[in-house]
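Structure data (compact mmCIF, C-alpha atoms) from model30.txt:
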# COMPACT_ATOMS: atom_id res chain seq x y z
CA PHE K 1 14.53 -2.55 22.21
CA THR K 2 14.37 0.63 24.26
CA PRO K 3 11.47 3.14 23.99
CA ALA K 4 13.81 5.33 21.92
CA ASP K 5 14.35 2.44 19.48
CA TYR K 6 10.60 2.04 19.06
CA GLY K 7 10.40 5.79 18.52
CA ILE K 8 12.96 5.60 15.71
CA ILE K 9 11.06 2.72 14.11
CA GLU K 10 7.82 4.73 14.27
CA LEU K 11 9.53 7.82 12.87
CA VAL K 12 10.90 5.86 9.92
CA ASN K 13 7.55 4.12 9.38
CA ILE K 14 5.58 7.35 9.13
CA THR K 15 8.17 8.71 6.71
CA MET K 16 7.81 5.60 4.56
CA PHE K 17 4.04 5.99 4.83
CA LEU K 18 4.38 9.41 3.19
CA LEU K 19 6.67 8.08 0.46
CA GLY K 20 4.23 5.22 -0.07
CA VAL K 21 1.39 7.71 -0.65
CA LEU K 22 3.51 9.58 -3.20
CA THR K 23 4.65 6.33 -4.81
CA VAL K 24 1.18 4.88 -5.27
CA ALA K 25 -0.29 8.30 -6.19
CA GLY K 26 -3.82 6.95 -6.54
CA THR K 27 -2.81 3.95 -8.67
CA ASP K 28 -4.67 1.54 -6.40
CA SER K 29 -7.92 3.49 -6.75
CA ALA K 30 -7.45 3.87 -10.51
CA GLN K 31 -6.83 0.15 -10.89
CA THR K 32 -9.96 -0.63 -8.89
CA PHE K 33 -12.05 1.75 -10.98
CA TYR K 34 -10.89 0.56 -14.41
CA PHE K 35 -10.72 -3.13 -13.55
CA HIS K 36 -14.43 -3.81 -14.12
CA GLN K 37 -14.82 -1.33 -16.96
CA LYS K 38 -16.11 -2.88 -20.18
CA PRO K 39 -13.25 -2.88 -22.72
CA GLU K 40 -13.98 -1.63 -26.22
CA ASP K 41 -11.12 -2.84 -28.41
CA VAL K 42 -9.70 -5.89 -26.54
CA ASP K 43 -11.08 -8.89 -24.72
CA GLU K 44 -11.76 -8.62 -21.00
CA GLU K 45 -8.76 -10.67 -19.86
CA ALA K 46 -6.33 -8.66 -22.00
CA HIS K 47 -7.86 -5.42 -20.68
CA LYS K 48 -7.39 -6.45 -17.06
CA SER K 49 -3.92 -7.94 -17.49
CA GLN K 50 -2.68 -4.80 -19.26
CA LEU K 51 -4.15 -2.70 -16.46
CA VAL K 52 -2.36 -4.73 -13.77
CA ALA K 53 0.96 -4.52 -15.62
CA ALA K 54 0.62 -0.75 -16.12
CA SER K 55 -0.30 -0.23 -12.47
CA LEU K 56 2.79 -2.06 -11.25
CA GLN K 57 4.98 -0.20 -13.74
CA ARG K 58 3.63 3.16 -12.58
CA ILE K 59 4.23 2.32 -8.92
CA PHE K 60 7.75 1.16 -9.69
CA ILE K 61 8.59 4.31 -11.69
CA ASN K 62 7.15 6.59 -9.00
CA GLY K 63 8.91 4.63 -6.26
CA VAL K 64 12.32 4.87 -7.91
CA PHE K 65 11.82 8.60 -8.46
CA TRP K 66 10.92 9.35 -4.85
CA ILE K 67 13.68 7.12 -3.50
CA VAL K 68 16.23 9.03 -5.59
CA VAL K 69 14.80 12.37 -4.37
CA PHE K 70 14.91 11.13 -0.78
CA LEU K 71 18.50 9.93 -1.04
CA LEU K 72 19.64 13.18 -2.66
CA SER K 73 18.04 15.06 0.24
CA TRP K 74 19.37 12.70 2.92
CA GLN K 75 21.92 15.07 4.44
CA TRP K 76 19.27 17.72 5.02
CA LEU K 77 16.56 15.26 6.10
CA SER K 78 18.89 13.55 8.55
CA LYS K 79 19.34 16.81 10.47
CA ALA K 80 15.97 18.49 9.91
CA ILE K 81 13.66 15.52 10.51
CA TYR K 82 15.61 12.74 12.20
CA GLU K 83 18.01 15.00 14.16
CA GLY K 84 20.82 12.61 13.35
CA GLU K 85 19.19 9.73 15.26
CA VAL K 86 18.49 7.41 12.33
CA PRO K 87 21.42 5.52 10.71
CA PHE K 88 21.53 5.54 6.92
CA MET K 89 21.39 1.71 6.73
CA VAL K 90 18.03 1.79 8.49
CA ILE K 91 16.68 4.28 5.97
CA ALA K 92 18.11 2.29 3.04
CA ALA K 93 16.40 -0.90 4.25
CA ALA K 94 13.15 0.98 4.89
CA LEU K 95 13.17 2.47 1.37
CA GLY K 96 13.64 -0.97 -0.16
CA GLY K 97 10.84 -2.37 1.95
CA MET K 98 8.56 0.53 1.03
CA ILE K 99 8.66 0.05 -2.73
CA ILE K 100 8.49 -3.76 -2.59
CA ASN K 101 5.59 -3.58 -0.15
CA GLN K 102 3.65 -1.19 -2.40
CA LEU K 103 4.21 -3.45 -5.40
CA GLN K 104 3.07 -6.59 -3.62
CA MET K 105 0.00 -4.89 -2.13
CA ASN K 106 -1.09 -3.64 -5.54
CA LEU K 107 -0.51 -7.08 -7.07
CA ILE K 108 -2.44 -9.09 -4.50
CA ASN K 109 -5.23 -6.53 -4.62
CA VAL K 110 -6.16 -8.23 -7.91
CA PHE K 111 -7.33 -11.26 -5.90
CA ARG K 112 -9.77 -9.00 -4.07
CA LEU K 113 -11.02 -7.47 -7.31
CA THR K 114 -11.61 -10.93 -8.82
CA TYR K 115 -13.40 -12.19 -5.69
CA ARG K 116 -10.72 -14.68 -4.64
CA PRO K 117 -10.75 -13.93 -0.90
CA TRP K 118 -8.70 -16.95 0.14
CA LEU K 119 -5.85 -16.08 -2.19
CA TYR K 120 -5.95 -12.53 -0.88
CA VAL K 121 -5.95 -13.65 2.75
CA VAL K 122 -3.16 -16.19 2.21
CA MET K 123 -0.89 -13.69 0.46
CA THR K 124 -1.44 -10.90 2.99
CA SER K 125 -0.88 -13.39 5.82
CA LEU K 126 2.24 -14.62 4.07
CA SER K 127 3.66 -11.11 4.05
CA GLY K 128 2.99 -10.56 7.75
CA LEU K 129 4.20 -14.01 8.78
CA PHE K 130 7.48 -13.88 6.89
CA SER K 131 8.13 -10.30 7.98
CA ALA K 132 7.72 -11.36 11.60
CA LEU K 133 9.84 -14.52 11.23
CA PHE K 134 12.68 -12.77 9.44
CA GLY K 135 12.44 -9.87 11.86
CA ILE K 136 12.88 -12.26 14.80
CA LEU K 137 15.81 -13.91 13.02
CA PHE K 138 17.59 -10.61 12.38
CA ILE K 139 16.84 -9.02 15.75
CA VAL K 140 16.89 -11.88 18.24
CA VAL K 141 19.28 -14.36 16.63
CA LEU K 142 21.62 -12.23 14.53
CA ARG K 143 21.24 -9.14 16.76
CA ILE K 144 21.62 -6.56 14.01
CA GLY K 145 19.28 -4.09 15.70
CA ILE K 146 16.63 -1.80 14.23
CA VAL K 147 17.66 -2.45 10.64
CA GLY K 148 16.47 -6.05 11.14
CA VAL K 149 12.87 -4.82 11.38
CA PHE K 150 13.01 -3.34 7.91
CA LEU K 151 15.01 -6.19 6.40
CA GLY K 152 12.26 -8.48 7.66
CA THR K 153 9.71 -6.30 5.88
CA ILE K 154 11.68 -6.56 2.64
CA LEU K 155 11.82 -10.36 2.75
CA GLY K 156 8.21 -10.68 3.86
CA SER K 157 7.05 -8.45 1.02
CA LEU K 158 9.20 -10.38 -1.45
CA ALA K 159 7.61 -13.64 -0.29
CA ALA K 160 4.12 -12.18 -0.77
CA PHE K 161 5.10 -10.75 -4.17
CA ALA K 162 6.42 -14.14 -5.29
CA GLY K 163 3.21 -15.75 -4.10
CA GLY K 164 1.24 -13.07 -5.93
CA ILE K 165 3.08 -13.83 -9.19
CA TRP K 166 2.15 -17.49 -8.74
CA GLY K 167 -1.47 -16.68 -7.91
CA ILE K 168 -1.88 -14.21 -10.76
CA GLN K 169 -1.38 -17.03 -13.23
CA ARG K 170 -4.63 -18.51 -11.94
CA VAL K 171 -6.43 -15.24 -12.59
CA PHE K 172 -4.91 -14.61 -16.03
CA PRO K 173 -3.96 -17.93 -17.69
CA LYS K 174 -2.41 -16.05 -20.63
CA GLY K 175 -0.13 -14.20 -18.22
CA ILE K 176 0.63 -10.55 -17.54
CA PRO K 177 2.37 -8.51 -20.30
CA TRP K 178 5.18 -7.36 -18.00
CA GLN K 179 7.43 -6.42 -20.92
CA THR K 180 4.81 -4.17 -22.53
CA PHE K 181 4.81 -0.49 -21.61
CA SER K 182 1.53 1.28 -22.35
CA LEU K 183 1.73 5.07 -22.34
CA ASN K 184 -2.03 5.19 -22.80
CA TRP K 185 -2.62 3.25 -19.59
CA LEU K 186 -0.03 5.32 -17.76
CA ILE K 187 -1.86 8.51 -18.72
CA LYS K 188 -5.25 7.07 -17.73
CA LEU K 189 -3.96 5.91 -14.36
CA SER K 190 -2.34 9.30 -13.73
CA ARG K 191 -5.44 11.25 -14.71
CA PHE K 192 -7.56 9.26 -12.30
CA GLY K 193 -5.01 8.86 -9.51
CA LEU K 194 -3.25 12.23 -9.24
CA PRO K 195 -6.35 14.23 -8.21
CA LEU K 196 -6.72 11.81 -5.28
CA VAL K 197 -3.24 12.54 -3.91
CA PRO K 198 -4.17 15.76 -1.99
CA SER K 199 -6.96 13.97 -0.09
CA THR K 200 -4.61 11.07 0.67
CA LEU K 201 -2.01 13.52 1.95
CA LEU K 202 -4.64 15.09 4.22
CA ILE K 203 -5.42 11.63 5.60
CA TYR K 204 -1.69 11.17 6.15
CA VAL K 205 -1.46 14.45 8.06
CA MET K 206 -4.44 13.57 10.27
CA SER K 207 -3.02 10.09 10.92
CA THR K 208 0.56 11.09 11.74
CA ALA K 209 0.53 14.71 12.96
CA ASP K 210 0.47 13.61 16.59
CA ARG K 211 3.64 11.54 16.04
CA TRP K 212 5.51 14.50 14.55
CA PHE K 213 4.44 16.79 17.40
CA ILE K 214 5.50 14.29 20.05
CA HIS K 215 8.86 13.81 18.40
CA HIS K 216 9.45 17.54 18.02
CA TYR K 217 8.27 18.77 21.41
CA LEU K 218 9.10 15.79 23.61
CA ALA K 219 11.56 13.07 22.64
CA THR K 220 11.99 9.93 20.57
CA ALA K 221 11.46 7.72 23.63
CA GLU K 222 8.03 9.27 24.27
CA LEU K 223 7.15 8.71 20.62
CA GLY K 224 8.07 5.03 21.05
CA ILE K 225 5.79 4.65 24.07
CA PHE K 226 2.96 6.44 22.27
CA SER K 227 3.34 4.30 19.14
CA LEU K 228 3.11 1.09 21.16
CA ALA K 229 -0.05 2.27 22.91
CA ALA K 230 -1.58 3.40 19.61
CA LYS K 231 -1.21 -0.11 18.18
CA TYR K 232 -4.29 -1.19 20.16
CA SER K 233 -6.50 1.09 18.05
CA SER K 234 -5.53 -0.97 15.00
CA ILE K 235 -7.93 -3.67 16.22
CA LEU K 236 -10.89 -1.37 15.56
CA LEU K 237 -9.41 -0.27 12.24
CA ALA K 238 -9.16 -3.92 11.21
CA LEU K 239 -12.90 -4.35 11.74
CA VAL K 240 -13.62 -1.34 9.54
CA SER K 241 -11.22 -2.48 6.81
CA ILE K 242 -12.94 -5.89 6.56
CA PHE K 243 -16.10 -4.12 5.38
CA ARG K 244 -14.16 -1.88 2.98
CA LEU K 245 -12.28 -4.79 1.39
CA GLY K 246 -15.52 -6.34 0.23
CA PHE K 247 -17.47 -3.16 -0.42
CA VAL K 248 -15.17 -1.42 -2.91
CA PRO K 249 -14.88 -4.17 -5.57
CA LEU K 250 -18.64 -4.75 -5.53
CA ALA K 251 -19.39 -1.03 -5.77
CA THR K 252 -17.04 -0.44 -8.72
CA GLU K 253 -18.35 -3.47 -10.61
CA MET K 254 -21.93 -2.29 -10.13
CA LEU K 255 -20.92 1.21 -11.24
CA HIS K 256 -19.90 -0.18 -14.64
CA HIS K 257 -22.46 -2.96 -15.09
CA LEU K 258 -25.51 -2.19 -12.90
CA PRO K 259 -25.53 1.57 -12.28
CA GLU K 260 -29.29 1.58 -11.74
CA GLU K 261 -28.84 -0.68 -8.67
CA LEU K 262 -25.98 1.32 -7.16
CA HIS K 263 -28.17 3.58 -5.03
CA ARG K 264 -29.90 0.59 -3.44
CA PHE K 265 -26.55 -1.10 -2.86
CA PHE K 266 -25.17 1.97 -1.06
CA GLU K 267 -28.31 2.23 1.03
CA ILE K 268 -28.12 -1.37 2.22
CA SER K 269 -24.35 -1.24 2.75
CA LEU K 270 -24.56 1.93 4.84
CA ARG K 271 -27.31 0.42 6.96
CA TYR K 272 -25.20 -2.65 7.78
CA TYR K 273 -22.04 -0.57 8.22
CA ILE K 274 -23.62 1.74 10.79
CA GLY K 275 -25.44 -1.13 12.46
Could I get this structure in the form of C-alpha cells?
Amino acid sequence: FTPADYGIIELVNITMFLLGVLTVAGTDSAQTFYFHQKPEDVDEEAHKSQLVAASLQRIFINGVFWIVVFLLSWQWLSKAIYEGEVPFMVIAAALGGMIINQLQMNLINVFRLTYRPWLYVVMTSLSGLFSALFGILFIVVLRIGIVGVFLGTILGSLAAFAGGIWGIQRVFPKGIPWQTFSLNWLIKLSRFGLPLVPSTLLIYVMSTADRWFIHHYLATAELGIFSLAAKYSSILLALVSIFRLGFVPLATEMLHHLPEELHRFFEISLRYYIG
C-alpha cells in the first residue's frame, strides 16, 4: 500500500466510526445499565435475554437506517468528503463491516457483563485474528486492494458473531428470544441511550478532528502517514481500556444491588486507576 492508500483507509474508518456512534446510539450503555437491574414481572434470565435481543434489534434497525441514508447521499458525500478518491465498492464493504462489527461487539459484551472474561477475550481475539487472516488473503494473495481490508473486517466480525451466538447459549440455556420484538424495551433503550449520543459525538470530534484537518489542508498521503504513527498511541489506550472493561460491569451491578457501597468502590477504584 502507498501512504495515500493508508490515508483512504483511515478516512473510511473515521467515517464508519461516526456511523457506528449513530448506529449504537447509546445502546451499549443502556444494556450495561439495565442488565443487572432487578426484574419485577419476569425471572432474571428472561429479563436479561430479552434485553440482549432488544439491544441487537435496535442496533440492527439503526444500522440499516443510517446505511440507507448514507447510500442515498453517496453522490454528494463522494465529492464533498472523499473528493472522489474512494471507490463505491470500498464504501459498500465498509458499511457491511460496520453494522456486523457493532452487532458482534454488543453481543460479546454480554460475556463481560456476566463475568466470563475468557469467553470475552476469545471472541474479541477471534474477530481480530480472522480479520487479519482474511485481510492478508484478500490483499496479498488475491490482490484486490483496499476493499480487501474491509472484506476481512466483515468476515472477522461474522466469525466473532457466530462464536458469540454459540457462547450465549452457555449464558442463557433457554436461549435468546430473537423472534420477539419488544416495543417496551426499545423505548427504554432509546430513553437511556439517546441522551448519551451528543457526548459520544463530542468524543468522536475530539478523536478524529485532526484527521479531517490533515485531509482537508494537506493530502490523503499525509493522512496515511499520520494514521500509521498514531497507531502507537493505541498501546496506552489498551492499558486504560483493561481497567474500564472490568470497572463498568462491577459498578452497574453495585448500583442496583449494593448502592450503599458504591462510594467506597469508586474511591478504591480511582485510587488504583491513578496509581
Residues of region 2-65 of chain K within 12 Å of region 71-78 of chain K: nearest atom pair and distance (Å, one decimal) for each, counting all atoms listed in the file, sorted by chain and number, as a tab-separated table?
residue	atom	partner	partner_atom	distance
K:Leu11	CA	K:Ser78	CA	11.8
K:Val12	CA	K:Ser78	CA	11.2
K:Thr15	CA	K:Leu77	CA	10.7
K:Val64	CA	K:Leu71	CA	10.5
K:Phe65	CA	K:Leu71	CA	10.1
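If you measure from each of K:Thr114, K:Thr180, K:Ser227, K:Ser125 to Ser207 (chain K) using only C-alpha atoms, the closest one turns out to be K:Ser227.
If all atoms listed in the file are the atoms counted, then among K:Val24, K:Leu51, K:Ala229, K:Val248 the closest residue to Lys188 (chain K) is K:Leu51.
Minimum distance to Ile165 (chain K) across K:Asn109, K:Thr32, K:Gln37, K:Thr23 (counting all atoms listed in the file) occurs at K:Asn109.
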Atomic separation - CA of Val90 (chain K) relative to CA of Ile146 (chain K), Å: 6.9 Å
Polymer residues at most 9 Å from Phe192 (chain K), only C-alpha atoms, same-chain spacing of 5 or more positions, as a PyMOL selection string: chain K and resi 26-27+29-30+33+187
